[in-house]
file coords13.cif (mmCIF, C-alpha atoms (C1' of nucleotides))
data_coords
loop_
_atom_site.group_PDB
_atom_site.id
_atom_site.type_symbol
_atom_site.label_atom_id
_atom_site.label_comp_id
_atom_site.auth_asym_id
_atom_site.auth_seq_id
_atom_site.Cartn_x
_atom_site.Cartn_y
_atom_site.Cartn_z
ATOM 1 C CA MET A 1 7.892 31.126 -45.926
ATOM 2 C CA GLU A 2 11.234 31.702 -47.532
ATOM 3 C CA GLY A 3 14.055 31.510 -45.010
ATOM 4 C CA PHE A 4 11.765 30.617 -42.119
ATOM 5 C CA GLY A 5 13.462 27.282 -41.494
ATOM 6 C CA LYS A 6 16.808 28.924 -41.545
ATOM 7 C CA SER A 7 15.822 31.596 -39.064
ATOM 8 C CA LEU A 8 14.570 28.810 -36.810
ATOM 9 C CA ASP A 9 17.988 27.168 -36.808
ATOM 10 C CA LEU A 10 19.588 30.467 -36.000
ATOM 11 C CA HIS A 11 17.049 31.459 -33.391
ATOM 12 C CA PRO A 12 18.919 32.981 -30.447
ATOM 13 C CA TYR A 13 17.098 30.868 -27.875
ATOM 14 C CA ARG A 14 17.782 27.568 -29.566
ATOM 15 C CA SER A 15 21.375 28.538 -30.166
ATOM 16 C CA PHE A 16 21.712 29.380 -26.500
ATOM 17 C CA GLN A 17 20.201 26.052 -25.436
ATOM 18 C CA GLU A 18 22.616 24.097 -27.601
ATOM 19 C CA GLN A 19 25.566 26.066 -26.368
ATOM 20 C CA LEU A 20 24.493 25.676 -22.758
ATOM 21 C CA ALA A 21 23.852 21.937 -23.128
ATOM 22 C CA LYS A 22 27.324 21.574 -24.599
ATOM 23 C CA GLU A 23 29.046 23.651 -21.955
ATOM 24 C CA VAL A 24 27.270 22.061 -19.042
ATOM 25 C CA ARG A 25 28.106 18.508 -20.047
ATOM 26 C CA ILE A 26 30.393 16.706 -17.624
ATOM 27 C CA GLU A 27 31.847 13.292 -18.399
ATOM 28 C CA PRO A 28 31.590 10.650 -15.655
ATOM 29 C CA LEU A 29 34.662 10.521 -13.458
ATOM 30 C CA SER A 30 35.777 6.967 -14.273
ATOM 31 C CA LYS A 31 39.187 7.356 -12.713
ATOM 32 C CA ASP A 32 40.984 9.556 -10.255
ATOM 33 C CA PRO A 33 41.730 13.072 -11.438
ATOM 34 C CA LYS A 34 45.181 13.780 -12.878
ATOM 35 C CA ARG A 35 45.129 17.498 -12.303
ATOM 36 C CA VAL A 36 43.389 19.742 -9.794
ATOM 37 C CA GLY A 37 43.215 23.500 -9.785
ATOM 38 C CA GLY A 38 42.670 26.488 -7.537
ATOM 39 C CA ALA A 39 40.945 29.800 -8.244
ATOM 40 C CA ASP A 40 40.940 33.066 -6.330
ATOM 41 C CA VAL A 41 40.441 36.798 -6.914
ATOM 42 C CA GLY A 42 42.080 39.726 -5.133
ATOM 43 C CA TYR A 43 41.400 43.446 -5.405
ATOM 44 C CA ALA A 44 43.280 46.736 -5.672
ATOM 45 C CA GLY A 45 40.895 49.632 -5.952
ATOM 46 C CA GLU A 46 39.066 49.476 -9.272
ATOM 47 C CA PHE A 47 41.023 46.429 -10.403
ATOM 48 C CA GLY A 48 40.506 42.767 -9.812
ATOM 49 C CA ILE A 49 43.353 40.248 -9.949
ATOM 50 C CA ALA A 50 42.226 36.727 -10.885
ATOM 51 C CA ALA A 51 44.591 33.801 -10.381
ATOM 52 C CA ILE A 52 44.301 30.206 -11.517
ATOM 53 C CA CYS A 53 46.750 27.387 -10.808
ATOM 54 C CA VAL A 54 46.884 23.784 -11.959
ATOM 55 C CA MET A 55 48.614 21.104 -9.877
ATOM 56 C CA SER A 56 49.233 17.381 -10.232
ATOM 57 C CA TRP A 57 47.113 14.972 -8.228
ATOM 58 C CA PRO A 58 47.720 13.640 -5.688
ATOM 59 C CA GLU A 59 51.291 14.982 -5.502
ATOM 60 C CA LEU A 60 50.099 18.588 -5.746
ATOM 61 C CA GLU A 61 53.144 19.692 -7.737
ATOM 62 C CA PRO A 62 52.639 23.031 -9.560
ATOM 63 C CA LEU A 63 51.999 22.554 -13.308
ATOM 64 C CA GLU A 64 50.718 25.875 -14.554
ATOM 65 C CA ASP A 65 49.729 29.316 -13.266
ATOM 66 C CA ARG A 66 47.778 32.219 -14.737
ATOM 67 C CA VAL A 67 47.179 35.703 -13.409
ATOM 68 C CA ILE A 68 45.167 38.418 -15.145
ATOM 69 C CA VAL A 69 44.196 41.944 -14.145
ATOM 70 C CA ASP A 70 41.005 43.611 -15.240
ATOM 71 C CA ARG A 71 38.685 46.392 -14.164
ATOM 72 C CA VAL A 72 35.938 45.142 -11.871
ATOM 73 C CA ARG A 73 32.477 45.712 -13.305
ATOM 74 C CA PHE A 74 30.176 44.580 -10.507
ATOM 75 C CA PRO A 75 29.990 45.449 -6.784
ATOM 76 C CA TYR A 76 30.235 42.907 -4.028
ATOM 77 C CA ILE A 77 26.754 41.913 -2.935
ATOM 78 C CA PRO A 78 26.358 38.863 -0.673
ATOM 79 C CA GLY A 79 24.656 36.198 -2.782
ATOM 80 C CA PHE A 80 25.846 37.706 -6.071
ATOM 81 C CA LEU A 81 29.604 37.203 -5.820
ATOM 82 C CA SER A 82 29.765 35.204 -9.038
ATOM 83 C CA PHE A 83 28.543 38.190 -11.065
ATOM 84 C CA ARG A 84 31.643 39.993 -9.830
ATOM 85 C CA GLU A 85 34.277 37.267 -10.113
ATOM 86 C CA VAL A 86 33.218 34.847 -12.869
ATOM 87 C CA PRO A 87 34.095 37.310 -15.687
ATOM 88 C CA LEU A 88 37.623 37.745 -14.319
ATOM 89 C CA LEU A 89 38.182 34.037 -13.748
ATOM 90 C CA ARG A 90 36.867 33.183 -17.213
ATOM 91 C CA LYS A 91 39.422 35.534 -18.676
ATOM 92 C CA ALA A 92 42.189 33.843 -16.713
ATOM 93 C CA PHE A 93 41.068 30.440 -17.989
ATOM 94 C CA ASP A 94 41.072 31.637 -21.591
ATOM 95 C CA SER A 95 44.859 31.612 -21.719
ATOM 96 C CA LEU A 96 45.307 28.450 -19.657
ATOM 97 C CA GLY A 97 46.926 25.520 -21.446
ATOM 98 C CA CYS A 98 45.585 22.471 -19.645
ATOM 99 C CA LEU A 99 42.304 22.489 -17.770
ATOM 100 C CA PRO A 100 42.187 20.832 -14.340
ATOM 101 C CA ASP A 101 39.884 17.842 -13.833
ATOM 102 C CA ILE A 102 38.602 19.408 -10.629
ATOM 103 C CA LEU A 103 38.769 23.018 -9.485
ATOM 104 C CA PHE A 104 38.761 24.236 -5.883
ATOM 105 C CA VAL A 105 37.071 27.627 -5.647
ATOM 106 C CA ASP A 106 37.286 30.227 -2.892
ATOM 107 C CA GLY A 107 33.549 30.617 -2.279
ATOM 108 C CA GLN A 108 30.293 28.683 -1.978
ATOM 109 C CA GLY A 109 29.015 25.923 -4.240
ATOM 110 C CA ILE A 110 25.360 24.967 -3.758
ATOM 111 C CA ALA A 111 25.289 26.307 -0.190
ATOM 112 C CA HIS A 112 23.749 29.450 -1.606
ATOM 113 C CA PRO A 113 20.381 31.308 -1.483
ATOM 114 C CA ARG A 114 19.600 30.077 -5.000
ATOM 115 C CA GLY A 115 21.785 26.971 -4.950
ATOM 116 C CA LEU A 116 24.273 28.550 -7.340
ATOM 117 C CA GLY A 117 27.278 30.068 -5.628
ATOM 118 C CA LEU A 118 30.530 31.158 -7.289
ATOM 119 C CA ALA A 119 31.933 27.624 -7.474
ATOM 120 C CA SER A 120 28.762 26.214 -9.055
ATOM 121 C CA HIS A 121 28.362 29.092 -11.491
ATOM 122 C CA LEU A 122 32.007 28.869 -12.560
ATOM 123 C CA GLY A 123 31.752 25.112 -13.004
ATOM 124 C CA VAL A 124 28.742 25.425 -15.304
ATOM 125 C CA VAL A 125 30.308 28.195 -17.367
ATOM 126 C CA LEU A 126 33.653 26.426 -17.759
ATOM 127 C CA GLY A 127 32.159 22.957 -18.022
ATOM 128 C CA ILE A 128 34.401 21.441 -15.349
ATOM 129 C CA ARG A 129 33.930 19.938 -11.894
ATOM 130 C CA THR A 130 34.201 22.397 -9.042
ATOM 131 C CA ILE A 131 34.196 22.374 -5.254
ATOM 132 C CA GLY A 132 33.240 25.339 -3.091
ATOM 133 C CA CYS A 133 35.675 25.996 -0.245
ATOM 134 C CA ALA A 134 34.627 29.067 1.750
ATOM 135 C CA LYS A 135 36.107 30.480 4.921
ATOM 136 C CA LYS A 136 32.680 31.495 6.215
ATOM 137 C CA VAL A 137 29.114 30.232 5.937
ATOM 138 C CA LEU A 138 26.778 32.237 3.719
ATOM 139 C CA VAL A 139 23.517 30.418 4.382
ATOM 140 C CA GLY A 140 22.458 27.385 6.386
ATOM 141 C CA GLU A 141 23.090 26.027 9.854
ATOM 142 C CA ALA A 142 25.572 23.471 11.101
ATOM 143 C CA ARG A 143 26.948 22.348 14.424
ATOM 144 C CA ASP A 144 30.623 22.695 15.188
ATOM 145 C CA PRO A 145 32.564 19.637 13.974
ATOM 146 C CA GLY A 146 34.880 17.688 16.273
ATOM 147 C CA PRO A 147 38.365 19.040 17.057
ATOM 148 C CA GLN A 148 40.351 16.469 15.070
ATOM 149 C CA ARG A 149 41.384 16.850 11.422
ATOM 150 C CA GLY A 150 38.801 15.296 9.129
ATOM 151 C CA ALA A 151 35.850 15.888 11.454
ATOM 152 C CA PHE A 152 32.868 17.444 9.718
ATOM 153 C CA SER A 153 29.257 18.382 10.372
ATOM 154 C CA PRO A 154 26.408 18.651 7.840
ATOM 155 C CA LEU A 155 25.265 22.084 6.702
ATOM 156 C CA TYR A 156 21.502 22.347 6.208
ATOM 157 C CA TYR A 157 19.604 25.070 4.407
ATOM 158 C CA ARG A 158 15.814 25.066 4.141
ATOM 159 C CA GLY A 159 15.754 21.442 5.250
ATOM 160 C CA LYS A 160 18.236 20.298 2.616
ATOM 161 C CA LEU A 161 21.827 19.073 2.985
ATOM 162 C CA VAL A 162 23.915 21.566 1.024
ATOM 163 C CA GLY A 163 27.419 21.219 2.428
ATOM 164 C CA ALA A 164 29.511 20.686 5.517
ATOM 165 C CA LEU A 165 31.825 22.373 7.975
ATOM 166 C CA LEU A 166 35.134 20.529 7.713
ATOM 167 C CA ARG A 167 38.019 20.622 10.153
ATOM 168 C CA THR A 168 41.004 20.505 7.812
ATOM 169 C CA ARG A 169 43.467 21.009 10.645
ATOM 170 C CA GLU A 170 43.430 20.674 14.400
ATOM 171 C CA GLY A 171 43.108 23.886 16.327
ATOM 172 C CA VAL A 172 41.739 25.989 13.464
ATOM 173 C CA LYS A 173 38.280 27.145 12.459
ATOM 174 C CA PRO A 174 36.566 24.681 10.082
ATOM 175 C CA ILE A 175 36.017 25.644 6.436
ATOM 176 C CA CYS A 176 32.680 25.531 4.631
ATOM 177 C CA ILE A 177 32.599 22.889 1.900
ATOM 178 C CA SER A 178 29.826 22.531 -0.645
ATOM 179 C CA PRO A 179 29.594 20.771 -4.001
ATOM 180 C CA GLY A 180 30.086 23.162 -6.887
ATOM 181 C CA HIS A 181 29.410 21.345 -10.159
ATOM 182 C CA GLY A 182 29.709 17.708 -11.216
ATOM 183 C CA ILE A 183 30.542 16.273 -7.799
ATOM 184 C CA ASP A 184 28.696 15.304 -4.618
ATOM 185 C CA LEU A 185 29.334 16.263 -1.001
ATOM 186 C CA GLU A 186 31.203 13.099 -0.072
ATOM 187 C CA GLY A 187 33.474 13.430 -3.075
ATOM 188 C CA SER A 188 34.017 17.092 -2.281
ATOM 189 C CA ILE A 189 35.093 16.350 1.277
ATOM 190 C CA ARG A 190 37.438 13.580 0.140
ATOM 191 C CA MET A 191 39.070 15.843 -2.426
ATOM 192 C CA VAL A 192 39.492 18.657 0.068
ATOM 193 C CA MET A 193 41.076 16.318 2.613
ATOM 194 C CA GLY A 194 43.446 15.032 -0.045
ATOM 195 C CA ALA A 195 44.398 18.552 -1.116
ATOM 196 C CA THR A 196 44.905 19.945 2.373
ATOM 197 C CA LYS A 197 48.432 19.604 3.695
ATOM 198 C CA GLY A 198 49.086 21.247 7.038
ATOM 199 C CA PHE A 199 47.035 24.394 6.515
ATOM 200 C CA ARG A 200 43.407 25.379 6.765
ATOM 201 C CA LEU A 201 42.782 25.741 3.036
ATOM 202 C CA PRO A 202 43.473 23.304 0.153
ATOM 203 C CA GLU A 203 46.897 23.829 -1.449
ATOM 204 C CA PRO A 204 45.527 24.884 -4.866
ATOM 205 C CA ILE A 205 43.527 27.680 -3.250
ATOM 206 C CA ARG A 206 46.478 28.763 -1.124
ATOM 207 C CA ARG A 207 48.642 28.951 -4.205
ATOM 208 C CA ALA A 208 46.023 30.842 -6.189
ATOM 209 C CA HIS A 209 45.626 33.289 -3.331
ATOM 210 C CA HIS A 210 49.378 33.794 -3.170
ATOM 211 C CA LEU A 211 49.495 34.454 -6.923
ATOM 212 C CA THR A 212 46.765 36.993 -6.413
ATOM 213 C CA GLN A 213 48.848 38.893 -3.872
ATOM 214 C CA LEU A 214 51.946 38.809 -6.074
ATOM 215 C CA GLY A 215 49.929 40.100 -9.009
ATOM 216 C CA LYS A 216 48.606 42.874 -6.840
ATOM 217 C CA LEU A 217 52.129 43.953 -5.854
ATOM 218 C CA ARG A 218 53.234 44.003 -9.492
ATOM 219 C CA LEU A 219 50.179 46.096 -10.340
ATOM 220 C CA LEU A 220 50.810 48.652 -7.612
ATOM 221 C CA ARG A 221 54.552 48.870 -8.299
ATOM 222 C CA GLY A 222 54.239 48.888 -12.072
ATOM 223 C CA GLY A 223 51.477 51.468 -12.042
ATOM 224 C CA GLY A 224 49.061 49.692 -14.391
ATOM 225 C CA PRO A 225 47.399 46.449 -15.561
ATOM 226 C CA ASN A 226 50.072 45.998 -18.240
ATOM 227 C CA ARG A 227 53.836 46.009 -18.208
ATOM 228 C CA GLY A 228 54.763 42.769 -16.515
ATOM 229 C "C1'" DG B 1 12.985 48.051 12.559
ATOM 230 C "C1'" DC B 2 17.022 44.545 13.733
ATOM 231 C "C1'" DG B 3 20.432 41.286 12.516
ATOM 232 C "C1'" DA B 4 22.959 38.511 8.862
ATOM 233 C "C1'" DC B 5 25.612 38.868 4.994
ATOM 234 C "C1'" DA B 6 30.965 34.014 0.404
ATOM 235 C "C1'" DG B 7 34.825 37.629 -1.406
ATOM 236 C "C1'" DA C 1 38.176 41.605 -0.077
ATOM 237 C "C1'" DT C 2 41.140 45.625 1.940
ATOM 238 C "C1'" DC C 3 43.192 48.916 5.519
ATOM 239 C "C1'" DT C 4 47.320 47.714 9.228
ATOM 240 C "C1'" DT C 5 51.696 46.546 14.298
ATOM 241 C "C1'" DG C 6 52.856 43.829 17.002
ATOM 242 C "C1'" DT C 7 52.711 39.401 18.865
ATOM 243 C "C1'" DC C 8 52.198 34.341 20.299
ATOM 244 C "C1'" DG C 9 53.849 29.868 18.798
ATOM 245 C "C1'" DC C 10 56.032 25.906 16.081
#

call {"tool": "encode", "arguments": {"input": "coords13.cif", "output": "C-alpha coordinates"}}
result
Amino acid sequence: MEGFGKSLDLHPYRSFQEQLAKEVRIEPLSKDPKRVGGADVGYAGEFGIAAICVMSWPELEPLEDRVIVDRVRFPYIPGFLSFREVPLLRKAFDSLGCLPDILFVDGQGIAHPRGLGLASHLGVVLGIRTIGCAKKVLVGEARDPGPQRGAFSPLYYRGKLVGALLRTREGVKPICISPGHGIDLEGSIRMVMGATKGFRLPEPIRRAHHLTQLGKLRLLRGGGPNRG
DNA sequence: GCGACAG
DNA sequence: ATCTTGTCGC
(Lines of atoms letter the chains of each structure in order from A and count residues from 1; the text may use other names and numbers.)
(Lines give C-alpha, C1' and ligand atoms only; values in the text may rest on other atoms or scores of the structure.)
Protein backbone atom coordinates (compact mmCIF):
# COMPACT_ATOMS: atom_id res chain seq x y z
CA MET A 1 0.00 0.00 0.00
CA GLU A 2 2.97 2.23 0.52
CA GLY A 3 3.08 5.03 -2.04
CA PHE A 4 -0.18 4.02 -3.68
CA GLY A 5 -1.88 7.32 -2.89
CA LYS A 6 1.05 9.20 -4.22
CA SER A 7 1.13 7.28 -7.48
CA LEU A 8 -2.57 8.06 -7.84
CA ASP A 9 -1.88 11.79 -7.63
CA LEU A 10 0.84 11.44 -10.21
CA HIS A 11 -1.13 9.16 -12.48
CA PRO A 12 -0.55 10.30 -16.07
CA TYR A 13 -4.25 10.30 -16.93
CA ARG A 14 -5.31 12.41 -13.99
CA SER A 15 -2.44 14.78 -14.57
CA PHE A 16 -3.50 15.12 -18.18
CA GLN A 17 -7.11 15.82 -17.21
CA GLU A 18 -6.10 18.57 -14.83
CA GLN A 19 -3.79 20.13 -17.35
CA LEU A 20 -6.42 19.95 -20.07
CA ALA A 21 -9.14 21.39 -17.82
CA LYS A 22 -6.82 24.26 -16.99
CA GLU A 23 -5.79 24.94 -20.56
CA VAL A 24 -9.27 24.73 -21.97
CA ARG A 25 -10.77 27.21 -19.53
CA ILE A 26 -11.99 30.42 -21.13
CA GLU A 27 -13.17 33.36 -19.05
CA PRO A 28 -16.49 34.96 -20.07
CA LEU A 29 -16.03 37.89 -22.43
CA SER A 30 -17.47 40.62 -20.19
CA LYS A 31 -16.17 43.46 -22.31
CA ASP A 32 -14.92 44.10 -25.79
CA PRO A 33 -11.53 42.65 -26.62
CA LYS A 34 -8.49 44.93 -26.33
CA ARG A 35 -6.25 42.95 -28.62
CA VAL A 36 -6.89 40.64 -31.56
CA GLY A 37 -4.40 38.47 -33.36
CA GLY A 38 -3.76 36.71 -36.64
CA ALA A 39 -2.05 33.39 -37.35
CA ASP A 40 -0.77 31.89 -40.58
CA VAL A 41 1.82 29.37 -41.80
CA GLY A 42 3.81 29.39 -45.04
CA TYR A 43 6.14 26.78 -46.50
CA ALA A 44 9.53 26.52 -48.19
CA GLY A 45 10.39 22.93 -48.95
CA GLU A 46 10.96 21.04 -45.71
CA PHE A 47 10.47 24.15 -43.60
CA GLY A 48 7.39 25.79 -42.23
CA ILE A 49 7.24 29.49 -41.39
CA ALA A 50 4.69 30.33 -38.68
CA ALA A 51 3.69 33.95 -38.10
CA ILE A 52 1.63 35.50 -35.32
CA CYS A 53 0.65 39.15 -34.99
CA VAL A 54 -1.18 41.05 -32.27
CA MET A 55 -3.13 44.23 -33.05
CA SER A 56 -5.18 46.71 -31.04
CA TRP A 57 -8.96 46.53 -31.22
CA PRO A 58 -10.81 48.11 -32.86
CA GLU A 59 -8.08 50.37 -34.29
CA LEU A 60 -6.12 47.40 -35.62
CA GLU A 61 -2.76 49.05 -34.98
CA PRO A 62 0.17 46.57 -34.95
CA LEU A 63 1.36 45.77 -31.40
CA GLU A 64 3.58 42.74 -31.73
CA ASP A 65 4.78 40.23 -34.33
CA ARG A 66 6.46 36.84 -34.15
CA VAL A 67 7.87 34.64 -36.87
CA ILE A 68 9.53 31.26 -36.36
CA VAL A 69 10.94 28.69 -38.76
CA ASP A 70 10.93 24.99 -38.08
CA ARG A 71 11.07 21.71 -39.95
CA VAL A 72 7.61 20.43 -40.84
CA ARG A 73 6.87 17.05 -39.29
CA PHE A 74 3.48 16.14 -40.73
CA PRO A 75 2.13 16.04 -44.31
CA TYR A 76 -0.85 18.00 -45.48
CA ILE A 77 -3.93 15.81 -45.33
CA PRO A 78 -7.35 17.45 -45.72
CA GLY A 79 -9.04 17.18 -42.32
CA PHE A 80 -5.74 16.90 -40.44
CA LEU A 81 -4.21 20.32 -41.06
CA SER A 82 -3.90 21.08 -37.36
CA PHE A 83 -1.49 18.17 -36.87
CA ARG A 84 0.78 19.94 -39.34
CA GLU A 85 0.45 23.56 -38.23
CA VAL A 86 -0.40 23.60 -34.51
CA PRO A 87 3.15 22.61 -33.44
CA LEU A 88 4.65 25.49 -35.43
CA LEU A 89 2.12 28.04 -34.22
CA ARG A 90 2.55 26.92 -30.61
CA LYS A 91 6.25 27.57 -30.94
CA ALA A 92 5.59 31.05 -32.28
CA PHE A 93 3.29 31.78 -29.34
CA ASP A 94 5.90 30.64 -26.83
CA SER A 95 7.96 33.77 -27.37
CA LEU A 96 5.01 36.14 -27.67
CA GLY A 97 4.75 38.82 -25.00
CA CYS A 98 1.05 39.61 -24.82
CA LEU A 99 -1.62 37.14 -25.87
CA PRO A 100 -4.52 38.42 -27.98
CA ASP A 101 -8.05 38.20 -26.57
CA ILE A 102 -9.25 36.74 -29.85
CA LEU A 103 -7.25 35.08 -32.61
CA PHE A 104 -8.21 34.92 -36.29
CA VAL A 105 -6.89 31.72 -37.85
CA ASP A 106 -6.37 30.87 -41.51
CA GLY A 107 -8.39 27.65 -41.58
CA GLN A 108 -11.60 26.04 -40.33
CA GLY A 109 -13.05 26.16 -36.83
CA ILE A 110 -15.88 23.71 -36.15
CA ALA A 111 -16.77 23.43 -39.84
CA HIS A 112 -14.73 20.25 -39.89
CA PRO A 113 -15.31 16.47 -40.32
CA ARG A 114 -14.82 16.00 -36.57
CA GLY A 115 -15.82 19.50 -35.48
CA LEU A 116 -12.23 20.37 -34.63
CA GLY A 117 -10.44 22.28 -37.36
CA LEU A 118 -7.13 24.15 -37.03
CA ALA A 119 -8.72 27.20 -35.39
CA SER A 120 -10.59 25.12 -32.81
CA HIS A 121 -7.62 22.89 -32.05
CA LEU A 122 -5.30 25.88 -31.65
CA GLY A 123 -7.79 27.64 -29.40
CA VAL A 124 -8.04 24.65 -27.07
CA VAL A 125 -4.28 24.16 -26.92
CA LEU A 126 -3.52 27.84 -26.30
CA GLY A 127 -6.56 28.44 -24.13
CA ILE A 128 -7.74 31.50 -26.07
CA ARG A 129 -10.74 32.40 -28.22
CA THR A 130 -10.32 31.69 -31.90
CA ILE A 131 -12.22 32.23 -35.13
CA GLY A 132 -11.77 30.14 -38.26
CA CYS A 133 -11.44 32.20 -41.44
CA ALA A 134 -10.88 29.95 -44.46
CA LYS A 135 -10.70 30.85 -48.12
CA LYS A 136 -12.47 27.64 -49.13
CA VAL A 137 -15.09 25.33 -47.66
CA LEU A 138 -13.86 22.00 -46.33
CA VAL A 139 -17.17 20.37 -45.45
CA GLY A 140 -20.81 21.41 -45.51
CA GLU A 141 -23.12 23.16 -47.93
CA ALA A 142 -24.18 26.77 -48.19
CA ARG A 143 -25.87 28.99 -50.72
CA ASP A 144 -24.06 31.95 -52.18
CA PRO A 145 -24.52 35.05 -49.99
CA GLY A 146 -25.77 38.34 -51.41
CA PRO A 147 -23.38 40.61 -53.35
CA GLN A 148 -23.10 43.37 -50.74
CA ARG A 149 -20.47 43.51 -47.98
CA GLY A 150 -21.77 41.89 -44.81
CA ALA A 151 -24.09 39.45 -46.58
CA PHE A 152 -23.75 35.89 -45.33
CA SER A 153 -25.35 32.48 -45.72
CA PRO A 154 -25.42 29.62 -43.19
CA LEU A 155 -23.11 26.65 -43.69
CA TYR A 156 -24.68 23.32 -42.74
CA TYR A 157 -22.93 20.02 -42.20
CA ARG A 158 -24.81 16.85 -41.31
CA GLY A 159 -27.88 18.91 -40.49
CA LYS A 160 -26.04 21.22 -38.11
CA LEU A 161 -25.16 24.91 -38.45
CA VAL A 162 -21.36 25.02 -38.34
CA GLY A 163 -20.43 28.31 -39.98
CA ALA A 164 -21.22 30.77 -42.73
CA LEU A 165 -20.05 32.11 -46.06
CA LEU A 166 -19.43 35.82 -45.51
CA ARG A 167 -19.04 38.50 -48.14
CA THR A 168 -16.38 40.71 -46.60
CA ARG A 169 -16.13 42.88 -49.69
CA GLU A 170 -18.24 43.55 -52.74
CA GLY A 171 -17.17 41.82 -55.90
CA VAL A 172 -15.03 39.14 -54.23
CA LYS A 173 -15.58 35.51 -53.33
CA PRO A 174 -17.00 35.09 -49.80
CA ILE A 175 -14.82 33.60 -47.05
CA CYS A 176 -15.77 30.65 -44.87
CA ILE A 177 -16.27 31.63 -41.24
CA SER A 178 -16.73 29.17 -38.40
CA PRO A 179 -16.39 29.46 -34.63
CA GLY A 180 -13.06 28.17 -33.41
CA HIS A 181 -13.04 28.13 -29.61
CA GLY A 182 -14.85 30.20 -26.98
CA ILE A 183 -17.09 32.15 -29.36
CA ASP A 184 -20.31 31.59 -31.29
CA LEU A 185 -21.11 32.10 -34.97
CA GLU A 186 -22.75 35.49 -34.55
CA GLY A 187 -19.83 36.78 -32.53
CA SER A 188 -17.42 35.36 -35.08
CA ILE A 189 -19.12 37.15 -37.95
CA ARG A 190 -19.21 40.43 -36.04
CA MET A 191 -15.52 40.20 -35.22
CA VAL A 192 -14.60 39.38 -38.80
CA MET A 193 -16.63 42.31 -40.12
CA GLY A 194 -14.93 44.60 -37.63
CA ALA A 195 -11.48 43.34 -38.59
CA THR A 196 -11.98 43.49 -42.34
CA LYS A 197 -11.00 46.78 -43.92
CA GLY A 198 -11.19 46.91 -47.69
CA PHE A 199 -9.86 43.43 -48.42
CA ARG A 200 -11.23 39.92 -48.48
CA LEU A 201 -9.47 38.69 -45.36
CA PRO A 202 -9.34 40.18 -41.82
CA GLU A 203 -6.36 42.51 -41.30
CA PRO A 204 -4.67 40.32 -38.65
CA ILE A 205 -4.62 37.38 -41.04
CA ARG A 206 -3.36 39.53 -43.90
CA ARG A 207 -0.55 40.80 -41.73
CA ALA A 208 0.34 37.32 -40.50
CA HIS A 209 0.39 36.07 -44.06
CA HIS A 210 2.65 38.93 -45.10
CA LEU A 211 5.03 38.15 -42.22
CA THR A 212 5.06 34.58 -43.42
CA GLN A 213 6.21 35.63 -46.88
CA LEU A 214 8.90 37.94 -45.49
CA GLY A 215 10.17 35.16 -43.26
CA LYS A 216 10.29 32.86 -46.23
CA LEU A 217 12.41 35.34 -48.21
CA ARG A 218 14.84 35.72 -45.31
CA LEU A 219 15.07 31.93 -45.07
CA LEU A 220 15.81 31.45 -48.76
CA ARG A 221 18.29 34.34 -48.93
CA GLY A 222 20.01 33.55 -45.65
CA GLY A 223 20.30 29.86 -46.45
CA GLY A 224 18.96 28.49 -43.16
CA PRO A 225 16.43 28.71 -40.29
CA ASN A 226 18.87 30.79 -38.24
CA ARG A 227 20.87 33.91 -38.92
CA GLY A 228 18.30 36.67 -38.96
C1' DG B 1 -14.73 3.24 -59.21
C1' DC B 2 -15.57 8.65 -59.21
C1' DG B 3 -15.39 13.07 -57.17
C1' DA B 4 -14.14 16.15 -53.13
C1' DC B 5 -10.56 17.62 -50.45
C1' DA B 6 -8.76 24.04 -45.08
C1' DG B 7 -3.33 25.03 -45.96
C1' DA C 1 0.52 25.85 -49.61
C1' DT C 2 3.85 26.41 -53.80
C1' DC C 3 5.42 26.83 -58.82
C1' DT C 4 4.95 31.42 -62.13
C1' DT C 5 3.95 36.39 -66.66
C1' DG C 6 1.36 39.20 -67.86
C1' DT C 7 -2.68 41.74 -67.27
C1' DC C 8 -7.13 44.25 -65.95
C1' DG C 9 -8.58 47.83 -62.78
C1' DC C 10 -8.79 51.41 -58.90

call {"tool": "residues_around", "arguments": {"input": "coords13.cif", "residues": "C:DT2", "least_positions_apart": "2", "cutoff": "12 Å", "atoms": "all atoms listed in the file", "output": "ChimeraX atom specification"}}
result
/A:42-45,213,216 /B:7 /C:4

call {"tool": "resolve_selection", "arguments": {"input": "coords13.cif", "expression": "the PyMOL selection byres ((chain A) within 6 of (chain B))", "output": "mmCIF file with C-alpha atoms, keeping the file's coordinate frame"}}
result
data_model
loop_
_atom_site.group_PDB
_atom_site.id
_atom_site.type_symbol
_atom_site.label_atom_id
_atom_site.label_comp_id
_atom_site.auth_asym_id
_atom_site.auth_seq_id
_atom_site.Cartn_x
_atom_site.Cartn_y
_atom_site.Cartn_z
ATOM 1 C CA PRO A 78 26.358 38.863 -0.673
ATOM 2 C CA GLY A 107 33.549 30.617 -2.279
ATOM 3 C CA GLN A 108 30.293 28.683 -1.978
ATOM 4 C CA LEU A 138 26.778 32.237 3.719
#

call {"tool": "atom_distance", "arguments": {"input": "coords13.cif", "atom1": "atom CA of A:Asp40", "atom2": "atom CA of A:Lys136"}}
result
15.1 Å

call {"tool": "atom_distance", "arguments": {"input": "coords13.cif", "atom1": "atom CA of A:Pro145", "atom2": "atom CA of A:Glu203"}}
result
21.5 Å

call {"tool": "atom_distance", "arguments": {"input": "coords13.cif", "atom1": "atom CA of A:Leu165", "atom2": "atom CA of A:Ile183"}}
result
17.0 Å

call {"tool": "resolve_selection", "arguments": {"input": "coords13.cif", "expression": "the PyMOL selection byres ((chain A and resi 98) around 10)", "output": "list of chain:residue names"}}
result
A:Arg35, A:Val54, A:Leu63, A:Glu64, A:Phe93, A:Ser95, A:Leu96, A:Gly97, A:Leu99, A:Pro100, A:Asp101

call {"tool": "closest_residue", "arguments": {"input": "coords13.cif", "among": "A:Ile77, A:Val162, A:Val125, A:Ile102", "to": "chain C", "atoms": "only C-alpha atoms (C1' of nucleotides)"}}
result
A:Ile77

call {"tool": "resolve_selection", "arguments": {"input": "coords13.cif", "expression": "the PyMOL selection byres ((chain A and resi 185-196) around 10)", "output": "count of residues only"}}
result
43

call {"tool": "closest_residue", "arguments": {"input": "coords13.cif", "among": "A:Ile128, A:Gln148, A:Lys31, A:Phe47", "to": "chain C", "atoms": "all atoms listed in the file"}}
result
A:Phe47

call {"tool": "closest_residue", "arguments": {"input": "coords13.cif", "among": "A:Arg73, A:Arg221, A:Val137, A:Glu85", "to": "chain C", "atoms": "all atoms listed in the file"}}
result
A:Glu85

call {"tool": "closest_residue", "arguments": {"input": "coords13.cif", "among": "A:Arg207, A:Thr212, A:His181, A:Arg90", "to": "chain C", "atoms": "all atoms listed in the file"}}
result
A:Thr212

call {"tool": "axis_aligned_box", "arguments": {"input": "coords13.cif", "around": "chain B", "padding_each_side": "5 Å", "output": "JSON"}}
result
{"center_x": 23.9, "center_y": 41.0, "center_z": 6.2, "size_x": 31.8, "size_y": 24.0, "size_z": 25.1}

call {"tool": "residues_around", "arguments": {"input": "coords13.cif", "residues": "A:Val67", "least_positions_apart": "4", "cutoff": "9 Å", "atoms": "all atoms listed in the file", "output": "number ranges by chain"}}
result
A: 49-53, 92, 208, 211-212, 215

call {"tool": "closest_residue", "arguments": {"input": "coords13.cif", "among": "A:Leu122, A:Leu155, A:Ile68, A:Val41", "to": "chain C", "atoms": "all atoms listed in the file"}}
result
A:Val41
